[in-house]
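Colleague: Handing you this structure, nothing more for now.
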Amino acid sequence: MNHPEKSTAPQNEQAAIEKRREHLKAESQRLMDMANNEPHSALKCIHQLSVAGGATEATYIAIEQRIVADQDAAGAYHLALLAQNTPDLPIDARQLIELVVNKGDNTQRLALLKNLPLPPVDHIKETILASNDGEAIGQMNAYLQINPEGYGSRHMLGSSQKDRIVPLSPGNSIE
């Protein structure tokens, strides 16, 4: 006996996959257009990329190029975290991390220290010390005292402490 439900199920599944693929391609093109044509649009692109659930490699590259063109430390921070958590992205995370350390503020540097799996501890430490920002230096020293290697939140999670991605919005303190 022939069961029509069984024969149409794979077709429906394939149609749903194809519809999703077309949606992602359209979203990718829209985000690439935004990144290529709107200065300082990286954070908006990253947010919409997250909402869309992914994009093409070219989209990630366009967003990275926007970040570099704008010297956008906040965008670099968020894309670097995304690249660290998704290893196959076509992103040069080191370049983004350098941008945050060199052009960002101490809040962003401390967030990198706490959130990257293997942050450039010495470079971040030198930059924060050179800023003469007593509060940031105190926070950095307190963090490095409990985590001298600077292994980031993943290491801390393994040490039975809560994983916490530190937001960069103004008014939120880094604990």
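Scheme for the structure tokens: letters A, B, ... for chains in order shown; per-chain residue numbers from 1; ligand numbers from 1 in order shown.
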DSSP on the backbone: what in region 21-161 of chain A comes out helix (DSSP H, G or I), as an NGL selection string?

Modeller: :A and (21-37 or 42-52 or 57-70 or 73-85 or 93-103 or 106-115 or 121-130 or 134-146 or 152-158)

Colleague: Measuring atom to atom with only C-alpha atoms, identify which of A:Leu89, A:Met140, A:Ala69, A:Leu113 is nearest to Ala55 (chain A).

Modeller: A:Leu89

Colleague: Could you work out how far CA of Gly138 (chain A) lies from CA of Ala80 (chain A), giving the answer in Å with one decimal?

Modeller: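 Between these atoms lies a distance of 24.8 Å.
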
Colleague: One decimal, in Å: what's the spacing between CA of Met34 (chain A) and CA of Leu81 (chain A)?

Modeller: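 Between CA of Met34 (chain A) and CA of Leu81 (chain A) the gap works out to 21.1 Å.
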
Colleague: Using only C-alpha atoms, can you tell me which of A:Ala142, A:Gly104, A:Glu149, A:Leu24 comes closest to Thr127 (chain A)?

Modeller: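 Looking only at the distances to Thr127 (chain A), the closest residue turns out to be A:Gly104.
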
Colleague: Mind checking which residues fall within 10 Å of Glu27 (chain A), counting only C-alpha atoms, ignoring those fewer than 6 positions away in the same chain, and posting them as an MDAnalysis selection string?

Modeller: chainID A and resid 21 33 48:49 52:56 59
